[in-house]
Amino acid sequence: MKKYLSISILAVVSLLAIQGYGQGKELNNHIAKFGQVLFYINNYYLDSIDNNDVTEHAVKSMISALDPHSSYISADEVKAMNEPLEGNFEGVGIEFAIIRDTLTVASPISGGPSESVGIRAGDKIVVIDGEDVASIGITNDMVFKYLRGPKGSKVTLEIVRRGVEGNLVFEVIRDKIPINSVDAAYEVSPGVVYVRLSRFAANSSREILSAILDLNMAQIDGFILDLRGNSGGYLGTAMEITNFFLDAGQTIVYTEGMKVPKMTEKAKGTGFYKNGPLVVLVDENSASASEIVAGAVQDWDRGMIIGRRTFGKGLVQQMLPLNDGAQLRLTVARYHTPSGRVIQAPYREGSKEDYYKAFFERYQRGELFSRDSIQLPDSLKYKTLKKGRTVYGGGGIMPDIFVPADTTYQTDYYSQLLRKGVILDFMNDYSDKNRSRLKSAYPEFDNFRQGFSFGEDLFESFKSLAESRGISYDHEEFEQSFPEIENYMKALLARSIYGTPAFYKIVNSYNDKVFEAAMDYINDNR
């Protein structure tokens, strides 16, 4: 049977070689050579082999010889990869935390199936479809396996609720669950809107518009788009969002490759905020689609880019389907900002490790702390299209206003707390025990922000938990990091009670120099 299968594989590969997809004799020869090798292995190798494994390894090896962003994605990985960008998945609709080895509902997703049957924040899911899931060492992956499933399928959950005797039983019908890419949208001060975008998903532009409409602002006099940590997503979404800010006919981006014709995308002029102070916040982890938006805003002198130099991913990938459901994510072009800049950082084909190593070397050179540490040659100079300001290509977007990273609070003690998840675990437990009391005492977020503070005894419990996790208390380092620890804890608590936007309202208002620089620019230019 294996022999006939091998002959069939060879026949198919040989047929492809004969056709050659119009690429010529040389390509035909290479295709035929691979088919011959696979045929010989199957028929003469001393042991049995898994053809799937051999082919997977061969494909991955080929792709590794290309640029650092081309990749092979197996059939199993394709769906999981697409979910965050397509903007939904199918499941029961909860945000969860694992507290003391128990699956706990942090918040039911608004409008989702769990909320509709009455599941609440703080509920502990102990049995799923008759299977005990409490104190079994449950992991995030296990939760996804239990709770996600096809739309219309049913799952029975047994829940322990504080103050209620016995288990509560809920039957939840799975449905499409939205994944939001807008982490926060709020009015910072009268007329000034802040939007934090985590990724460029299929629905991101609609999310932004919907969020702004929900704010019910009389008018917008300033706009802050926070793309810090946003590693990209759909190119089309980046163009939709850039269109919010540019005039009709202004180029947003153009792409060009050896085998792909030049394509230029221009603004339609239908944007809702084409005038007025605009700031785009970026950092070293802003990449790809984030750089398209920042590059267009900068090149047209439409707004101010504030933060630190972006990652430098300026290559366009096309998803090419393979016959088993896998995909080839192949780089087909470079993108250029309106002034002609190539944002892609330098790389050598087949040297992905060196490419990412160079990114981390930026930190060692002090780039996060001093703009003067960034040396770019004159050959990479370009001029903006209205004011003729100097901008640079060849490795990310250089901000107009550089704000160094703040490390004054960083200590080894604080780093260990973060790495071992102590702060998050402690606050999950605290919010679980105190959510109802705090919500009653502070019914509105502004009440909480102004009136809530932690007691000293809480930090004694916190230190004890850290000790139990193997983190020895260091008084000097704790005092140095304390303001940051306290603020982060308050932000996590706010998120648990009032939702994700509350988290950013807390962190932005405390010692965020990039956000402060944005507000200064907006106020000076309104």
# chains A, B, ... in the order shown; residues from 1 in each chain; ligands from 1
call {"tool": "select_by_dssp", "arguments": {"residues": "range 36-280 of chain A", "states": "alpha helix (DSSP H)", "output": "number ranges by chain"}}
result
A: 36-44, 51-64, 75-86, 113-117, 140-147, 204-215, 235-242
call {"tool": "closest_atom_pairs", "arguments": {"of": "range 52-143 of chain A", "to": "range 155-158 of chain A", "cutoff": "9 Å", "atoms": "only C-alpha atoms", "output": "tab-separated table"}}
result
residue	atom	partner	partner_atom	distance
A:Val92	CA	A:Val155	CA	8.3
A:Lys124	CA	A:Glu158	CA	8.4
A:Ile125	CA	A:Glu158	CA	5.9
A:Val126	CA	A:Glu158	CA	5.9
A:Val127	CA	A:Glu158	CA	4.9
A:Ile128	CA	A:Leu157	CA	4.9
A:Asp129	CA	A:Thr156	CA	4.9
A:Gly130	CA	A:Thr156	CA	7.6
call {"tool": "write_last_selection", "arguments": {"atoms": "C-alpha atoms", "output": "PDB file, in the first residue's frame"}}
result
ATOM      1  CA  VAL A  92     -19.505  30.284  26.085  1.00  0.00           C
ATOM      2  CA  LYS A 124     -16.387  29.357  40.169  1.00  0.00           C
ATOM      3  CA  ILE A 125     -16.832  26.681  37.488  1.00  0.00           C
ATOM      4  CA  VAL A 126     -16.210  23.343  39.195  1.00  0.00           C
ATOM      5  CA  VAL A 127     -17.853  20.795  36.863  1.00  0.00           C
ATOM      6  CA  ILE A 128     -18.075  20.854  33.052  1.00  0.00           C
ATOM      7  CA  ASP A 129     -20.332  18.293  31.356  1.00  0.00           C
ATOM      8  CA  GLY A 130     -20.143  16.054  34.435  1.00  0.00           C
TER       9      GLY A 130
END
call {"tool": "residues_around", "arguments": {"residues": "Ala517 in chain A", "least_positions_apart": "3", "cutoff": "9 Å", "atoms": "only C-alpha atoms", "output": "number ranges by chain"}}
result
A: 306-307, 401, 403, 512-514, 520-522
call {"tool": "write_last_selection", "arguments": {"atoms": "C-alpha atoms", "output": "tab-separated table (two decimals), in the first residue's frame"}}
result
chain	number	residue	atom	x	y	z
A	306	ILE	CA	5.32	60.21	20.08
A	307	GLY	CA	7.23	57.45	21.86
A	401	ILE	CA	8.90	63.41	19.96
A	403	VAL	CA	10.19	59.75	25.15
A	512	ASP	CA	3.02	57.63	31.81
A	513	LYS	CA	5.44	60.10	30.21
A	514	VAL	CA	4.40	59.16	26.67
A	520	ASP	CA	0.81	68.42	26.25
A	521	TYR	CA	0.89	68.43	22.45
A	522	ILE	CA	-2.91	68.24	22.17
call {"tool": "residues_around", "arguments": {"residues": "range 208-225 of chain A", "least_positions_apart": "3", "cutoff": "10 Å", "atoms": "only C-alpha atoms", "output": "VMD selection string"}}
result
chain A and resid 181 to 182 184 to 197 203 to 205 228 241 244 to 245 272 to 273 275 to 282 293 to 294 303 to 305 515 518 to 519 521 to 523 525 to 526
call {"tool": "closest_residue", "arguments": {"among": "A:Ala202, A:Leu368, A:Val316, A:Val164", "to": "Asn180 in chain A", "atoms": "only C-alpha atoms"}}
result
A:Ala202
call {"tool": "residues_around", "arguments": {"residues": "Gly295 in chain A", "least_positions_apart": "5", "cutoff": "8 Å", "atoms": "only C-alpha atoms", "output": "list in words"}}
result
Thr337, Pro338 and Ile397 of chain A
